[in-house]
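One file, target.cif, is given below (mmCIF, C-alpha atoms).
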data_start
loop_
_atom_site.label_atom_id
_atom_site.label_comp_id
_atom_site.auth_asym_id
_atom_site.auth_seq_id
_atom_site.Cartn_x
_atom_site.Cartn_y
_atom_site.Cartn_z
CA MET A 13 76.57 65.15 87.58
CA LYS A 14 75.65 68.47 86.10
CA ILE A 15 77.96 71.38 85.68
CA SER A 16 77.77 73.61 88.70
CA TYR A 17 77.85 77.23 87.62
CA LYS A 18 78.28 78.23 91.23
CA ASN A 19 81.61 76.39 91.25
CA ILE A 20 82.67 78.08 88.05
CA LEU A 21 81.86 81.47 89.44
CA SER A 22 83.71 80.82 92.68
CA ILE A 23 86.76 79.48 90.84
CA LEU A 24 86.84 82.51 88.57
CA ILE A 25 86.30 85.02 91.33
CA SER A 26 88.95 83.51 93.56
CA ALA A 27 91.41 83.37 90.67
CA ILE A 28 90.75 87.01 89.82
CA PHE A 29 91.22 88.07 93.43
CA ILE A 30 94.41 86.08 93.80
CA GLY A 31 95.65 87.62 90.58
CA LEU A 32 94.90 91.17 91.67
CA PHE A 33 96.34 90.58 95.12
CA TYR A 34 99.48 88.98 93.74
CA ASN A 35 99.93 91.86 91.33
CA ILE A 36 99.92 94.34 94.18
CA LEU A 37 102.56 92.39 96.10
CA ASN A 38 104.63 91.53 93.06
CA PRO A 39 107.54 93.96 92.57
CA LYS A 40 107.24 93.30 88.84
CA GLY A 41 103.53 94.05 88.98
CA ILE A 42 101.88 96.13 86.30
CA PRO A 43 99.40 99.02 86.64
CA LEU A 44 95.73 98.06 86.35
CA ILE A 45 95.27 100.34 83.40
CA LYS A 46 97.90 100.17 80.74
CA GLU A 47 99.48 103.46 79.87
CA LYS A 48 100.52 104.24 76.36
CA ARG A 49 104.26 104.14 75.96
CA GLU A 50 105.30 107.08 73.93
CA LEU A 51 108.32 106.85 71.77
CA VAL A 52 110.74 109.72 72.03
CA PHE A 53 111.49 111.11 68.62
CA GLU A 54 114.86 112.49 67.68
CA ASN A 55 114.63 116.22 67.09
CA ASP A 56 114.88 117.56 63.60
CA SER A 57 117.95 119.69 64.17
CA LEU A 58 120.00 116.55 63.79
CA ILE A 59 118.83 116.17 60.23
CA HIS A 60 120.26 119.53 59.28
CA SER A 61 123.53 118.89 61.02
CA ILE A 62 123.84 115.52 59.33
CA ALA A 63 123.02 117.07 56.00
CA ALA A 64 125.79 119.59 56.49
CA GLU A 65 128.08 116.83 57.64
CA LYS A 66 127.33 114.84 54.55
CA GLU A 67 128.40 117.58 52.23
CA ASN A 68 131.74 117.79 53.95
CA LEU A 69 132.07 114.09 53.81
CA ASN A 70 131.29 113.88 50.15
CA LEU A 71 134.15 116.23 49.52
CA ASP A 72 136.41 113.88 51.45
CA SER A 73 135.33 110.75 49.72
CA THR A 74 133.43 111.39 46.57
CA LEU A 75 134.07 107.95 45.20
CA ASN A 76 133.75 106.04 48.41
CA SER A 77 130.19 106.99 49.15
CA PRO A 78 128.52 104.01 50.80
CA ILE A 79 125.41 104.11 48.65
CA VAL A 80 127.37 103.31 45.54
CA LYS A 81 129.03 100.47 47.36
CA LYS A 82 127.72 96.96 47.15
CA THR A 83 127.40 95.19 50.47
CA THR A 84 129.47 92.33 49.18
CA GLU A 85 132.52 94.52 49.10
CA LYS A 86 133.05 94.35 52.78
CA LYS A 87 136.51 95.62 53.49
CA PRO A 88 136.66 99.13 52.11
CA ASP A 89 133.06 99.59 53.17
CA VAL A 90 133.83 98.92 56.80
CA LYS A 91 136.68 101.36 56.72
CA ASN A 92 134.47 103.99 55.25
CA GLU A 93 131.74 103.29 57.75
CA VAL A 94 134.11 103.65 60.64
CA LEU A 95 135.10 107.01 59.26
CA ASN A 96 131.47 108.04 59.00
CA GLN A 97 130.64 106.61 62.38
CA ASN A 98 133.34 108.57 64.08
CA LYS A 99 132.02 111.81 62.70
CA LEU A 100 128.45 110.92 63.49
CA THR A 101 129.04 109.59 66.96
CA ASP A 102 130.67 112.88 67.85
CA LYS A 103 127.41 114.52 66.98
CA ILE A 104 125.12 112.03 68.66
CA GLU A 105 125.37 111.66 72.38
CA PRO A 106 124.49 108.30 73.94
CA PHE A 107 120.75 108.05 74.54
CA THR A 108 118.95 107.30 77.74
CA GLU A 109 116.52 105.17 75.77
CA PRO A 110 116.18 104.16 72.13
CA LYS A 111 114.92 107.05 70.04
CA ALA A 112 112.44 106.87 67.23
CA ILE A 113 113.17 108.45 63.88
CA LYS A 114 111.10 109.13 60.82
CA ILE A 115 111.87 108.29 57.25
CA ASP A 116 113.76 111.46 56.33
CA LEU A 117 116.30 111.05 59.09
CA ALA A 118 116.46 107.31 58.50
CA TYR A 119 117.39 107.96 54.90
CA LYS A 120 120.02 110.50 55.91
CA LEU A 121 121.54 107.96 58.25
CA PHE A 122 121.34 105.33 55.54
CA LYS A 123 123.31 107.54 53.21
CA GLN A 124 125.90 107.90 55.93
CA GLY A 125 126.37 104.14 55.92
CA VAL A 126 124.79 103.58 59.31
CA LYS A 127 124.00 99.93 59.99
CA PHE A 128 120.36 98.95 59.68
CA ILE A 129 118.87 95.99 61.48
CA ASP A 130 115.76 94.22 60.24
CA ALA A 131 113.76 92.86 63.18
CA ARG A 132 111.31 90.88 61.08
CA MET A 133 111.31 87.13 60.54
CA PRO A 134 113.92 85.74 58.10
CA ASP A 135 111.27 84.99 55.47
CA ASP A 136 110.19 88.62 55.32
CA TYR A 137 113.79 89.72 55.33
CA GLN A 138 114.64 87.52 52.38
CA ALA A 139 111.63 88.72 50.45
CA GLY A 140 113.11 92.21 50.59
CA HIS A 141 114.87 94.53 53.00
CA ILE A 142 116.63 97.85 53.19
CA LYS A 143 119.88 97.60 51.33
CA GLY A 144 122.69 96.28 53.47
CA ALA A 145 120.48 95.69 56.49
CA TYR A 146 121.31 92.89 58.88
CA ASN A 147 118.62 90.49 59.98
CA ILE A 148 118.02 89.94 63.69
CA PRO A 149 114.50 88.54 63.95
CA PHE A 150 113.22 89.47 67.37
CA ASP A 151 111.24 86.26 67.70
CA GLY A 152 113.89 84.21 65.97
CA ASP A 153 116.84 82.10 66.87
CA GLU A 154 119.41 83.38 69.37
CA ARG A 155 122.24 82.84 66.91
CA TYR A 156 121.03 85.74 64.79
CA ARG A 157 121.98 87.99 67.65
CA GLU A 158 125.61 86.90 67.47
CA ILE A 159 126.12 89.42 64.71
CA LEU A 160 125.92 92.11 67.37
CA ASN A 161 129.28 90.97 68.67
CA ASN A 162 130.87 92.34 65.52
CA PHE A 163 129.47 95.80 66.12
CA SER A 164 131.08 98.43 68.26
CA LYS A 165 129.01 99.60 71.20
CA ASP A 166 129.43 103.20 70.08
CA GLU A 167 128.04 102.50 66.69
CA ILE A 168 124.76 103.95 65.56
CA LEU A 169 122.22 101.27 64.79
CA VAL A 170 118.83 101.71 63.17
CA VAL A 171 116.25 99.04 63.89
CA TYR A 172 113.14 98.66 61.79
CA CYS A 173 110.32 96.24 61.09
CA SER A 174 107.41 96.26 58.68
CA GLY A 175 105.87 99.63 59.49
CA THR A 176 104.26 101.88 62.06
CA ASP A 177 102.01 99.04 63.19
CA CYS A 178 104.69 96.60 64.18
CA ASP A 179 106.39 96.45 67.55
CA LEU A 180 109.32 94.21 66.73
CA SER A 181 111.66 97.12 66.11
CA ILE A 182 110.72 98.67 69.43
CA TYR A 183 111.37 95.45 71.33
CA LEU A 184 114.57 94.71 69.51
CA GLY A 185 115.67 98.32 69.90
CA ARG A 186 115.14 98.15 73.64
CA GLU A 187 116.88 94.80 73.84
CA ILE A 188 119.90 96.00 71.93
CA PHE A 189 119.92 99.14 74.03
CA GLU A 190 120.01 97.02 77.18
CA LYS A 191 122.94 95.12 75.71
CA GLY A 192 124.98 98.30 75.76
CA PHE A 193 124.45 99.85 72.35
CA LYS A 194 123.58 103.34 73.45
CA ARG A 195 122.89 104.88 70.05
CA VAL A 196 119.96 102.82 68.90
CA TYR A 197 117.37 104.37 66.63
CA ILE A 198 114.00 102.88 65.89
CA PHE A 199 113.00 103.68 62.33
CA PHE A 200 109.31 104.13 62.91
CA GLY A 201 108.02 104.02 59.36
CA GLY A 202 109.79 100.76 58.70
CA TRP A 203 109.93 98.68 55.60
CA ASN A 204 106.61 99.82 54.13
CA GLU A 205 107.52 103.48 54.15
CA TRP A 206 110.97 102.74 52.81
CA LEU A 207 109.46 100.76 49.98
CA GLY A 208 106.91 103.50 49.32
CA LYS A 209 109.70 106.02 48.83
CA ASN A 210 111.61 103.74 46.44
CA TYR A 211 114.75 103.88 48.50
CA PRO A 212 117.44 101.27 47.88
CA ILE A 213 116.46 97.72 48.74
CA GLU A 214 117.77 94.27 48.10
CA ARG A 215 116.53 90.70 48.31
CA GLY A 216 117.94 87.46 49.62
CA THR A 217 120.39 86.96 52.43
CA ASN A 218 123.14 89.37 53.29
CA GLU A 219 125.62 86.65 54.15
CA GLU A 220 128.54 86.07 51.92
CA MET B 17 73.52 31.23 78.23
CA ASN B 18 71.76 34.48 78.28
CA GLY B 19 73.19 35.24 81.67
CA LEU B 20 76.73 34.44 80.54
CA GLU B 21 76.40 36.71 77.52
CA LYS B 22 75.21 39.45 79.74
CA ILE B 23 78.18 38.98 82.02
CA ILE B 24 80.52 39.10 79.04
CA GLN B 25 78.84 42.21 77.76
CA LEU B 26 79.09 43.77 81.16
CA LYS B 27 82.78 42.88 81.36
CA GLU B 28 83.38 44.39 77.94
CA ALA B 29 81.57 47.53 78.93
CA GLN B 30 83.67 47.66 82.07
CA MET B 31 86.85 47.28 80.04
CA LYS B 32 85.74 50.06 77.77
CA ASN B 33 84.92 52.16 80.76
CA LYS B 34 88.34 51.52 82.24
CA PHE B 35 89.98 52.50 78.98
CA LEU B 36 87.90 55.66 78.78
CA GLU B 37 88.69 56.46 82.37
CA TYR B 38 92.42 56.14 81.83
CA PHE B 39 92.16 58.21 78.70
CA LEU B 40 90.26 60.88 80.59
CA LEU B 41 92.84 60.80 83.36
CA LEU B 42 95.64 61.31 80.86
CA ALA B 43 93.73 64.10 79.13
CA ARG B 44 93.10 65.76 82.47
CA ILE B 45 96.73 65.58 83.55
CA PHE B 46 97.98 66.75 80.16
CA LEU B 47 95.64 69.72 79.93
CA GLY B 48 96.18 70.61 83.57
CA PHE B 49 99.94 70.53 83.17
CA ILE B 50 99.87 72.64 80.01
CA PHE B 51 97.79 75.29 81.71
CA ILE B 52 99.86 75.34 84.88
CA TYR B 53 102.98 75.72 82.78
CA ALA B 54 101.52 78.38 80.50
CA GLY B 55 99.99 80.34 83.37
CA ALA B 56 103.13 80.23 85.50
CA GLY B 57 105.19 81.63 82.65
CA LYS B 58 102.81 84.54 82.29
CA ILE B 59 102.59 85.18 86.02
CA SER B 60 106.36 85.49 86.20
CA ASP B 61 106.34 88.19 83.52
CA PRO B 62 103.06 90.10 83.46
CA ALA B 63 104.49 92.99 81.47
CA SER B 64 105.33 90.90 78.44
CA PHE B 65 102.02 89.06 78.59
CA SER B 66 100.27 92.42 78.62
CA GLN B 67 102.30 93.36 75.57
CA SER B 68 101.32 90.10 73.91
CA ILE B 69 97.63 90.84 74.41
CA GLN B 70 98.18 94.29 73.00
CA ASN B 71 99.81 92.77 69.93
CA TYR B 72 96.54 91.10 68.99
CA ARG B 73 94.96 94.55 68.72
CA LEU B 74 91.57 93.17 69.66
CA PHE B 75 90.99 94.84 73.00
CA PRO B 76 91.05 98.45 74.19
CA LEU B 77 94.18 99.50 76.01
CA GLU B 78 92.28 100.10 79.25
CA ILE B 79 91.34 96.49 79.90
CA ILE B 80 94.47 94.77 78.65
CA ASN B 81 96.26 94.83 81.97
CA ILE B 82 93.26 93.46 83.84
CA PHE B 83 93.40 90.48 81.49
CA ALA B 84 97.14 90.22 81.87
CA ILE B 85 96.81 90.14 85.65
CA THR B 86 93.92 87.72 85.99
CA ILE B 87 94.02 85.30 83.07
CA PRO B 88 97.30 83.63 84.08
CA TRP B 89 95.91 82.94 87.53
CA ILE B 90 92.72 81.51 86.11
CA GLU B 91 94.88 79.27 83.96
CA VAL B 92 97.05 78.10 86.84
CA ILE B 93 94.20 77.53 89.27
CA CYS B 94 92.03 75.70 86.76
CA GLY B 95 95.08 73.74 85.66
CA LEU B 96 95.82 72.68 89.23
CA LEU B 97 92.23 71.74 89.99
CA LEU B 98 92.03 69.80 86.74
CA PHE B 99 95.30 68.07 87.49
CA PHE B 100 94.03 66.86 90.84
CA GLY B 101 90.60 66.06 89.50
CA ILE B 102 88.62 68.58 91.50
CA SER B 103 85.39 69.71 89.80
CA VAL B 104 86.71 68.53 86.47
CA LYS B 105 83.64 69.50 84.49
CA GLU B 106 83.63 73.07 85.67
CA ASN B 107 87.33 73.58 85.16
CA SER B 108 87.21 71.98 81.75
CA LEU B 109 84.49 74.41 80.84
CA ILE B 110 86.57 77.38 81.92
CA ILE B 111 89.68 76.07 80.17
CA SER B 112 87.75 75.27 77.01
CA SER B 113 86.29 78.76 76.93
CA LEU B 114 89.75 80.25 77.37
CA LEU B 115 91.09 78.02 74.61
CA LEU B 116 88.24 79.02 72.37
CA VAL B 117 89.03 82.68 72.89
CA PHE B 118 92.76 82.11 72.33
CA THR B 119 92.14 80.11 69.18
CA LEU B 120 89.74 82.69 67.79
CA ALA B 121 92.19 85.48 68.57
CA ALA B 122 94.99 83.57 66.86
CA ALA B 123 92.81 82.82 63.84
CA ILE B 124 91.75 86.46 63.53
CA SER B 125 95.39 87.55 63.70
CA MET B 126 96.30 85.05 61.02
CA ILE B 127 93.56 86.36 58.76
CA ARG B 128 94.69 89.92 59.37
CA GLY B 129 98.19 88.83 58.50
CA LEU B 130 99.70 89.92 61.79
CA ASN B 131 102.93 88.17 62.54
CA PHE B 132 104.00 88.15 66.16
CA ASP B 133 104.68 85.98 69.15
CA CYS B 134 101.40 84.50 70.39
CA GLY B 135 102.23 84.96 74.06
CA CYS B 136 101.04 81.44 74.72
CA PHE B 137 103.79 80.14 76.95
CA GLY B 138 105.81 83.14 77.98
CA LYS B 139 108.34 81.97 75.40
CA PRO B 140 108.34 83.18 71.84
CA SER B 141 106.27 80.96 69.58
CA PRO B 142 104.78 82.48 66.46
CA ILE B 143 101.17 82.25 65.44
CA GLY B 144 100.45 79.84 62.64
CA TRP B 145 98.63 76.71 61.58
CA GLN B 146 100.59 74.68 64.09
CA LYS B 147 99.34 76.85 66.91
CA LEU B 148 95.77 76.61 65.69
CA GLY B 149 96.11 72.81 65.48
CA GLU B 150 97.51 72.52 68.99
CA ASN B 151 94.80 74.73 70.35
CA SER B 152 92.00 72.85 68.61
CA LEU B 153 93.36 69.56 69.95
CA MET B 154 93.42 70.91 73.48
CA LEU B 155 89.96 72.36 73.00
CA LEU B 156 88.74 68.93 71.92
CA LEU B 157 90.25 67.35 75.04
CA GLY B 158 88.63 70.04 77.16
CA ILE B 159 85.21 69.40 75.66
CA ILE B 160 85.58 65.63 76.10
CA LEU B 161 86.51 66.16 79.74
CA MET B 162 83.59 68.52 80.15
CA ILE B 163 81.18 65.88 78.87
CA TYR B 164 82.58 62.74 80.48
CA ASP B 165 84.16 64.08 83.66
CA SER B 166 87.15 62.19 85.06
CA LYS B 167 86.93 60.59 88.45
CA LEU B 168 89.98 58.38 88.40
CA LEU B 169 92.60 59.27 90.99
CA ASN B 170 90.95 62.46 92.07
CA ILE B 171 91.67 63.85 95.47
CA ALA B 172 88.08 64.50 96.41
CA SER B 173 86.72 61.10 95.36
CA LYS B 174 84.71 59.26 98.00
CA ASN B 175 85.12 55.75 96.60
CA GLU B 176 81.53 55.80 95.50
CA ASN B 177 82.45 55.49 91.86
CA LYS B 178 84.99 52.73 92.37
#
As structure tokens - that is how I would like this structure written.
Amino acid sequence: MKISYKNILSILISAIFIGLFYNILNPKGIPLIKEKRELVFENDSLIHSIAAEKENLNLDSTLNSPIVKKTTEKKPDVKNEVLNQNKLTDKIEPFTEPKAIKIDLAYKLFKQGVKFIDARMPDDYQAGHIKGAYNIPFDGDERYREILNNFSKDEILVVYCSGTDCDLSIYLGREIFEKGFKRVYIFFGGWNEWLGKNYPIERGTNEE
Amino acid sequence: MNGLEKIIQLKEAQMKNKFLEYFLLLARIFLGFIFIYAGAGKISDPASFSQSIQNYRLFPLEIINIFAITIPWIEVICGLLLFFGISVKENSLIISSLLLVFTLAAAISMIRGLNFDCGCFGKPSPIGWQKLGENSLMLLLGIILMIYDSKLLNIASKNENK
């Protein structure tokens, strides 16, 4: 028996029609032509206000600045972060969707001790990540997400992945946002930009 | 004597045929099931499948959703037809072509060093050598089915080949 191309054509055409028809009826259906999803960027005025904030803060705690701190010294760090968070969260209203930020603001937030989350796979994370960042690989094991339980829902979180090309941070940012963390930033430049600017990094796991 | 040998040879050939037929049946059911499963997962969540296609960065944005809408249904329908043994050759051809495209896309992404969920089963499973191996194996099964057909236990059979 030879291959009947007529059959192939009819199978394909019927499948395509069923697909299109189903998509129209399906409440979760998608538009025929994909629209570009634009990320909303945080406006720059925040940078200035945070910069001003930081100066005040440095007066309060010259020695306790989180950059000097090692991540292994958990206890005083947390206290300090909470202090920072409270000041920052006053400034930053809950978002309606995760907001994207660029490297300058990301670095400002970093200096404020804001928690960073690395959305890449554990291997990439161990090879090098932003200092003090937590690893929640978007495609990884569910148990990585348990770390979120330790975070307060009001906390500011910055999610990043390898760079402007990757989507993991966007997915993870949206997921975390859905989980109730309403101040989620997506650091758009990601690891590559951070590395390019020689900002603080570390290797290995962050678990004590 | 000659006649007996011929009978034995014929019997052996029949045995071989039977073995091949059962193998083909298994291959058909396996491939059919995989495609029904994979397609159903994508049908239930077209948005994430569309995102998966976009992740490969091989196609323009305008046609991604058309793929995302139709490919899962092609998978499911061909899977079902294959499962029940209806026009096995044709469906194997379609499934093999799909597999070829998937495998090539995965290989290209590996070469480009992209690291993301392959969107194969609606569940996260990263691209890697394992994926390429699985795909090549299924592609092999598809090509075997395309060449040999499989008539055992098919719904449309008319006893003529029994």
Counting all atoms listed in the file, which of B:Pro142, B:Gly149, B:Gly19, B:Pro62 gets nearest to Leu115 (chain B)? B:Gly149
Spatial neighbours of region 150-157 of chain A, max dist 9 Å, all atoms listed in the file, sep filter under 6 positions, as a PDB file with C-alpha atoms, keeping the file's coordinate frame:
ATOM      1  CA  ASP A 130     115.760  94.220  60.240  1.00  0.00           C
ATOM      2  CA  ALA A 131     113.760  92.860  63.180  1.00  0.00           C
ATOM      3  CA  ARG A 132     111.310  90.880  61.080  1.00  0.00           C
ATOM      4  CA  MET A 133     111.310  87.130  60.540  1.00  0.00           C
ATOM      5  CA  PRO A 134     113.920  85.740  58.100  1.00  0.00           C
ATOM      6  CA  LEU A 180     109.320  94.210  66.730  1.00  0.00           C
ATOM      7  CA  SER A 181     111.660  97.120  66.110  1.00  0.00           C
ATOM      8  CA  TYR A 183     111.370  95.450  71.330  1.00  0.00           C
ATOM      9  CA  LEU A 184     114.570  94.710  69.510  1.00  0.00           C
TER      10      LEU A 184
ATOM     11  CA  PHE B 132     104.000  88.150  66.160  1.00  0.00           C
ATOM     12  CA  ASP B 133     104.680  85.980  69.150  1.00  0.00           C
ATOM     13  CA  PRO B 140     108.340  83.180  71.840  1.00  0.00           C
ATOM     14  CA  SER B 141     106.270  80.960  69.580  1.00  0.00           C
ATOM     15  CA  PRO B 142     104.780  82.480  66.460  1.00  0.00           C
TER      16      PRO B 142
END
List every protein, DNA or RNA residue with an atom no more than 12 Å from (94.2, 58.4, 83.0) in the file's coordinates, counting all atoms listed in the file, and format the result as JSON, numbers by chain. {"B": [33, 34, 35, 36, 37, 38, 39, 40, 41, 42, 43, 44, 45, 46, 47, 99, 100, 101, 161, 165, 166, 167, 168, 169, 170]}
With the file shown as input, list the residues that the PyMOL selection byres ((chain B) within 10 of (chain A)) selects, as number ranges by chain. B: 59-63, 66-67, 70-71, 76-94, 97, 103-110, 130-133, 139-142, 162-165
Output of the above residues as a PDB file, keeping the file's coordinate frame, restricted to C-alpha atoms:
ATOM      1  CA  ILE B  59     102.590  85.180  86.020  1.00  0.00           C
ATOM      2  CA  SER B  60     106.360  85.490  86.200  1.00  0.00           C
ATOM      3  CA  ASP B  61     106.340  88.190  83.520  1.00  0.00           C
ATOM      4  CA  PRO B  62     103.060  90.100  83.460  1.00  0.00           C
ATOM      5  CA  ALA B  63     104.490  92.990  81.470  1.00  0.00           C
ATOM      6  CA  SER B  66     100.270  92.420  78.620  1.00  0.00           C
ATOM      7  CA  GLN B  67     102.300  93.360  75.570  1.00  0.00           C
ATOM      8  CA  GLN B  70      98.180  94.290  73.000  1.00  0.00           C
ATOM      9  CA  ASN B  71      99.810  92.770  69.930  1.00  0.00           C
ATOM     10  CA  PRO B  76      91.050  98.450  74.190  1.00  0.00           C
ATOM     11  CA  LEU B  77      94.180  99.500  76.010  1.00  0.00           C
ATOM     12  CA  GLU B  78      92.280 100.100  79.250  1.00  0.00           C
ATOM     13  CA  ILE B  79      91.340  96.490  79.900  1.00  0.00           C
ATOM     14  CA  ILE B  80      94.470  94.770  78.650  1.00  0.00           C
ATOM     15  CA  ASN B  81      96.260  94.830  81.970  1.00  0.00           C
ATOM     16  CA  ILE B  82      93.260  93.460  83.840  1.00  0.00           C
ATOM     17  CA  PHE B  83      93.400  90.480  81.490  1.00  0.00           C
ATOM     18  CA  ALA B  84      97.140  90.220  81.870  1.00  0.00           C
ATOM     19  CA  ILE B  85      96.810  90.140  85.650  1.00  0.00           C
ATOM     20  CA  THR B  86      93.920  87.720  85.990  1.00  0.00           C
ATOM     21  CA  ILE B  87      94.020  85.300  83.070  1.00  0.00           C
ATOM     22  CA  PRO B  88      97.300  83.630  84.080  1.00  0.00           C
ATOM     23  CA  TRP B  89      95.910  82.940  87.530  1.00  0.00           C
ATOM     24  CA  ILE B  90      92.720  81.510  86.110  1.00  0.00           C
ATOM     25  CA  GLU B  91      94.880  79.270  83.960  1.00  0.00           C
ATOM     26  CA  VAL B  92      97.050  78.100  86.840  1.00  0.00           C
ATOM     27  CA  ILE B  93      94.200  77.530  89.270  1.00  0.00           C
ATOM     28  CA  CYS B  94      92.030  75.700  86.760  1.00  0.00           C
ATOM     29  CA  LEU B  97      92.230  71.740  89.990  1.00  0.00           C
ATOM     30  CA  SER B 103      85.390  69.710  89.800  1.00  0.00           C
ATOM     31  CA  VAL B 104      86.710  68.530  86.470  1.00  0.00           C
ATOM     32  CA  LYS B 105      83.640  69.500  84.490  1.00  0.00           C
ATOM     33  CA  GLU B 106      83.630  73.070  85.670  1.00  0.00           C
ATOM     34  CA  ASN B 107      87.330  73.580  85.160  1.00  0.00           C
ATOM     35  CA  SER B 108      87.210  71.980  81.750  1.00  0.00           C
ATOM     36  CA  LEU B 109      84.490  74.410  80.840  1.00  0.00           C
ATOM     37  CA  ILE B 110      86.570  77.380  81.920  1.00  0.00           C
ATOM     38  CA  LEU B 130      99.700  89.920  61.790  1.00  0.00           C
ATOM     39  CA  ASN B 131     102.930  88.170  62.540  1.00  0.00           C
ATOM     40  CA  PHE B 132     104.000  88.150  66.160  1.00  0.00           C
ATOM     41  CA  ASP B 133     104.680  85.980  69.150  1.00  0.00           C
ATOM     42  CA  LYS B 139     108.340  81.970  75.400  1.00  0.00           C
ATOM     43  CA  PRO B 140     108.340  83.180  71.840  1.00  0.00           C
ATOM     44  CA  SER B 141     106.270  80.960  69.580  1.00  0.00           C
ATOM     45  CA  PRO B 142     104.780  82.480  66.460  1.00  0.00           C
ATOM     46  CA  MET B 162      83.590  68.520  80.150  1.00  0.00           C
ATOM     47  CA  ILE B 163      81.180  65.880  78.870  1.00  0.00           C
ATOM     48  CA  TYR B 164      82.580  62.740  80.480  1.00  0.00           C
ATOM     49  CA  ASP B 165      84.160  64.080  83.660  1.00  0.00           C
TER      50      ASP B 165
END
Which residues come within 12 Å of Gly129 (chain B), counting only C-alpha atoms, excluding same-chain residues fewer than 6 positions away, as a PyMOL selection string? (chain A and resi 174+177-178) or (chain B and resi 72+122-123+143-144)
Work out how far apart CA of Ser125 (chain B) and CA of Ile115 (chain A) are and give it in Å to one decimal.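 These atoms are spaced 27.3 Å apart.
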Neighbour list for region 185-194 of chain A as a PyMOL selection string, cut-off 9 Å, all atoms listed in the file, skip fewer than 5 positions in-chain: chain A and resi 105-111+131+160+163-172+180
